[in-house]
Each structure stands twice: as structure tokens, then as C-alpha cells.
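Structure first, then comments.
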Amino acid sequence: MESSSRTAAETATQPSCWRRAAEAAAAATGLPRPGERVAVTGCGTSWFMAQSYAALREAAGQGETDAFAASEFPASRPYDRIVAITRSGTTTEVLELLRAVRGRGAATLALTADAKTPVMDAADAVAVLGFADEESVVQTRFATTALAFLRAGLEAHGALPAGVKTVAEAAVDAELAVVQPLPEAALAAEQWTFLGRGWTYGLAQEAGLKMREAAGAWTEAYPAMEYRHGPIAITGPGRVAWVFGKLPQGLADDVDRVGGALLADSCAAGSLDPMADLIRAQRLAVAVAESKGYDPDRPRNLTRSVILPG
């Protein structure tokens with residue numbers, strides 16, 4: 001049964017959003033240039049997208065790239081450019097950071113969904129991805145669209161890492177991800193662990209967050225190689241290990257040994273781009289939430305933007 005939630009409807013629009021993001025990136029100013037020392041920042045979901053982009057950019061040989069939660073940003077550290085991701089344009093920690101680094105030599109670029117917010121004046125350049133804005137509290141399409149925008153910026157320099165698809169190719173995969181049946185093992189599980197390597201670790205982190213936010217589910221996320229250094233202890237019958245990107249050698253045997261279910265469809269030849277695979281995890285979060293009687297459009301204890309008292 002298909003969900004009638006707003007979150008599900010917004011999730012399904014991601015293929016077109018990614019294509020529009022690639023077009024926007026082609027005409028954008030303020031994107032990182034080859035050789036620059038870059039930091040990428042955000043809060044929550046935006047921080048995980050920052051992690052993915054930072055790993056992609058370094059793997060592409062474009063220059064040192066760090067990712068930080070905005071609240072933990074080392075403002076005294078020198079960078080050529082700082083990229084801040086904030087869907088609402090009102091997130092307190094992001095705005096405070098952009099103000100703190102102004103005039104210290106780093107160019108700043110903000111990615112947002114709303115042109116009528118304070119971030120427009122806080123950054124040197126702003127990319128407004130309003131077509132990916134959301135009514136939902138839980139982010140889905142804005143997060144991946146921001147990553148698609150940055151990913152397209154790497155393409156413009158001919159700098160995608162080996163084996164990473166173009167945004168156009170990822171959008172084709174996303175069209176499949178929004179309609180294909182979800183894995184039965186994932187739907188029936190009581191616990192989910194998401195794993196990734198390199199740029200897909202940020203996607204694994206985001207998949208876990210979506211399940212916690214929308215469904216109040218017990219999920220964890222780790223670098224795929226670190227999973228065997230302790231976290232595999234939580235895996236067993238009725239529990240899932242979901243891998244984004246390349247499957248480490250021997251991991252399938254380890255998960256099987258402890259009785260867990262391994263989901264690694266994105267690793268097979270000709271299969272989904274990892275960013276498209278994240279769409280399946282977003283859909284899973286909605287499905288699990290609704291199976292528990294929760295409303296994914298109104299997650300517990302969350303608001304659409306975190307604005308701290310002055």
C-alpha cells in the first residue's frame with residue numbers, strides 16, 4: 001500500500017529535482033574551485049550531506065575538503081572557501097558560523113531552499129534551490145538535491161572519482177528507486193545498521209537519521225570496515241545491515257554468520273547509484289513509521305528548523 005504522506009510525495013520528486021540541480025550548478029557562482037582548501041558544514045541531515053561531498057571532492061583530487069557540524073566548526077582554521085547547507089536558511093548555528101568567519105579570508109557559499117531568510121545576507125554567495133523546498137519536517141529531497149548540486153559542480157571540472165556516476169545517471173537510478181518494492185527483510189526487521197565507505201558513509205549516516213526521525217527506530221551507522229570492530233555484535237536474526245556503495249570483502253559472510261540480513265543491492269553491477277539507494281531508505285522510514293501508527297509528516301520531538309534563543 002502506497003503512503004499518502006507529504007513526506008512520501010516529496011521523496012518521489014527527487015529525480016526531477018536532481019536534474020534541475022545539475023542545471024543550476026552549471027550557471028552557479030561560488031562553487032569550490034580545483035585546488036582550494038574547502039570546508040563544508042551544516043546541521044543534522046545537512047552535515048551528513050557535507051560529509052558525502054567532502055569525501056567525493058577529495059577522492060576526485062580537487063583539494064583538501066573537511067566536513068563539520070556547524071556547532072563544532074573550528075572557526076580559526078584557515079580555508080579558501082566554506083560551503084554551508086541550510087534548508088531553512090534560519091538555522092542558528094549556521095548563521096552564527098557564517099558571521100564569525102566573515103572577513104577572515106574565506107569565501108562563503110550557502111545552499112538553501114528559501115530566498116527570504118537571513119542566510120541570504122550571511123554568505124558571500126547563495127544558491128537557492130527553492131524547487132526542492134519541503135513542507136515536511138524530515139528532510140528528503142532538499143538534502144539529496146543539495147548534494148546533487150555540489151556533485152554537478154565536480155562534474156563541471158571533469159572531476160568525478162572513478163566509478164561514480166553523473167547526476168544525470170543517478171537521476172535515472174532514482175526513478176527506479178522511487179517505485180521498486182522495498183526489501184522484505186528491511187520491512188520486517190526490528191533493527192537496522194547502515195554502512196558506507198568514502199562518500200557513501202555520509203549517506204549511511206543520513207539513512208539512519210531518517211529512520212530515527214520518522215519512525216523512532218533503532219538504527220545505527222558506521223564506516224563499513226569499522227562495523228566488524230564491535231558494532232556487528234548487535235546484528236542477528238531479525239536485524240539488517242544495509243550497505244551503501246562497495247561491499248567490503250568478507251562482510252557478507254560475517255553478517256550471515258551472526259544470522260543477520262545483508263542488503264547490498266547497490267553493489268551489484270548496473271545497480272543503483274548510492275544516492276538513489278538512499279531514496280529506498282527514505283521510503284523505508286516512511287513505511288516503518290506508518291506500520292507503527294506514526295505520522296511521518298509530524299515526527300515526535302522535532303521542528304522543521306532549529307532556532308536557538310538569543
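Each chain in the C-alpha cells gets a letter, A, B and so on, in the order shown; residues start at 1 in every chain, and ligands are counted from 1 in the order they appear.
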Next on the checklist: From a backbone DSSP assignment, name each residue in segment 144-183 of chain A labelled alpha helix (DSSP H), as an NGL selection string.
Outcome noted: :A and (144-156 or 167-177)
Next on the checklist: Considering only strand (DSSP E or B) as DSSP defines it on the backbone, what residues of segment 19-268 of chain A qualify? List them as a PyMOL selection string.
Outcome noted: chain A and resi 38-42+65-69+81-85+107-112+125-128+191-196+219-223+239-244+261-263
Could you list, with a cut-off of 12 Å and counting only C-alpha atoms, the residues of segment 197-252 of chain A near segment 56-69 of chain A, each shown with its nearest atom pair and the distance in Å rounded to one decimal, rows sorted by chain and ascending number, as JSON lines?
{"residue": "A:Arg197", "atom": "CA", "partner": "A:Leu56", "partner_atom": "CA", "distance": 10.9}
{"residue": "A:Gly198", "atom": "CA", "partner": "A:Leu56", "partner_atom": "CA", "distance": 7.4}
{"residue": "A:Trp199", "atom": "CA", "partner": "A:Leu56", "partner_atom": "CA", "distance": 5.4}
{"residue": "A:Thr200", "atom": "CA", "partner": "A:Leu56", "partner_atom": "CA", "distance": 8.9}
{"residue": "A:Tyr201", "atom": "CA", "partner": "A:Leu56", "partner_atom": "CA", "distance": 10.8}
{"residue": "A:Gly202", "atom": "CA", "partner": "A:Ala67", "partner_atom": "CA", "distance": 10.2}
{"residue": "A:Leu203", "atom": "CA", "partner": "A:Leu56", "partner_atom": "CA", "distance": 11.8}
Please, could you write that set of residues out with C-alpha atoms as a compact mmCIF listing (two decimals), in the first residue's frame?
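What ended up in again_12.txt:
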# COMPACT_ATOMS: atom_id res chain seq x y z
CA ARG A 197 32.76 3.79 2.74
CA GLY A 198 34.18 7.07 1.48
CA TRP A 199 31.43 9.37 0.26
CA THR A 200 28.72 6.79 0.98
CA TYR A 201 29.38 6.87 4.73
CA GLY A 202 27.55 10.20 4.89
CA LEU A 203 24.62 8.55 3.10
Determine, counting only C-alpha atoms, which protein, DNA and RNA residues have an atom within 12 Å of an atom of Thr219 of chain A; residues of the same chain fewer than 5 positions away are not included. Present the result as a JSON list (two decimals) with C-alpha atoms, in the first residue's frame.
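around10.json, written as the output of this step:
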[["chain", "number", "residue", "atom", "x", "y", "z"],
["A", 186, "ALA", "CA", 14.14, -4.41, 5.71],
["A", 189, "ALA", "CA", 13.37, -6.00, 10.70],
["A", 190, "GLU", "CA", 13.47, -4.81, 14.30],
["A", 191, "GLN", "CA", 16.84, -3.07, 13.94],
["A", 192, "TRP", "CA", 18.81, -1.55, 11.06],
["A", 193, "THR", "CA", 22.53, -0.77, 10.71],
["A", 194, "PHE", "CA", 23.60, 1.37, 7.74],
["A", 195, "LEU", "CA", 27.15, 1.14, 6.40],
["A", 204, "ALA", "CA", 24.64, 5.74, 5.66],
["A", 205, "GLN", "CA", 24.55, 8.30, 8.46],
["A", 206, "GLU", "CA", 21.62, 10.03, 6.79],
["A", 207, "ALA", "CA", 19.70, 6.77, 6.28],
["A", 208, "GLY", "CA", 19.99, 6.04, 9.98],
["A", 209, "LEU", "CA", 18.83, 9.55, 10.87],
["A", 210, "LYS", "CA", 15.78, 9.26, 8.63],
["A", 211, "MET", "CA", 14.71, 6.07, 10.36],
["A", 212, "ARG", "CA", 15.16, 7.64, 13.80],
["A", 213, "GLU", "CA", 13.37, 10.86, 12.89],
["A", 214, "ALA", "CA", 10.39, 9.49, 11.00],
["A", 231, "PRO", "CA", 29.12, -2.97, 16.15],
["A", 234, "ILE", "CA", 24.14, -6.00, 17.63],
["A", 235, "THR", "CA", 23.35, -7.85, 14.40],
["A", 239, "ARG", "CA", 18.21, -7.32, 12.11],
["A", 240, "VAL", "CA", 19.56, -5.79, 8.92],
["A", 241, "ALA", "CA", 22.94, -4.50, 7.72],
["A", 242, "TRP", "CA", 22.38, -2.20, 4.73],
["A", 281, "ALA", "CA", 15.95, 4.09, 2.87],
["A", 285, "ALA", "CA", 11.49, 5.19, 7.08]]
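Relative to atom CA of Ala55 of chain A, atom CA of Asp133 of chain A is found at 25.0 Å.
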Checklist entry - Skipping near chain neighbours, those fewer than 3 positions away, what residues fall within 9 Å of Val179 of chain A using only C-alpha atoms, listed as a PyMOL selection string? => result chain A and resi 12+174-176+182+280
Next on the checklist: Env of Cys43 of chain A: 9 Å cut, atoms = only C-alpha atoms, seq-sep filter 4 positions within chain, self excluded. Answer as an NGL selection string.
Outcome noted: :A and (47-48 or 68-71 or 85-86 or 91 or 93-94)
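Considering only C-alpha atoms, the residue among A:Lys292, A:Arg81, A:Arg300, A:Arg33 positioned nearest to Ala156 of chain A is A:Arg33.
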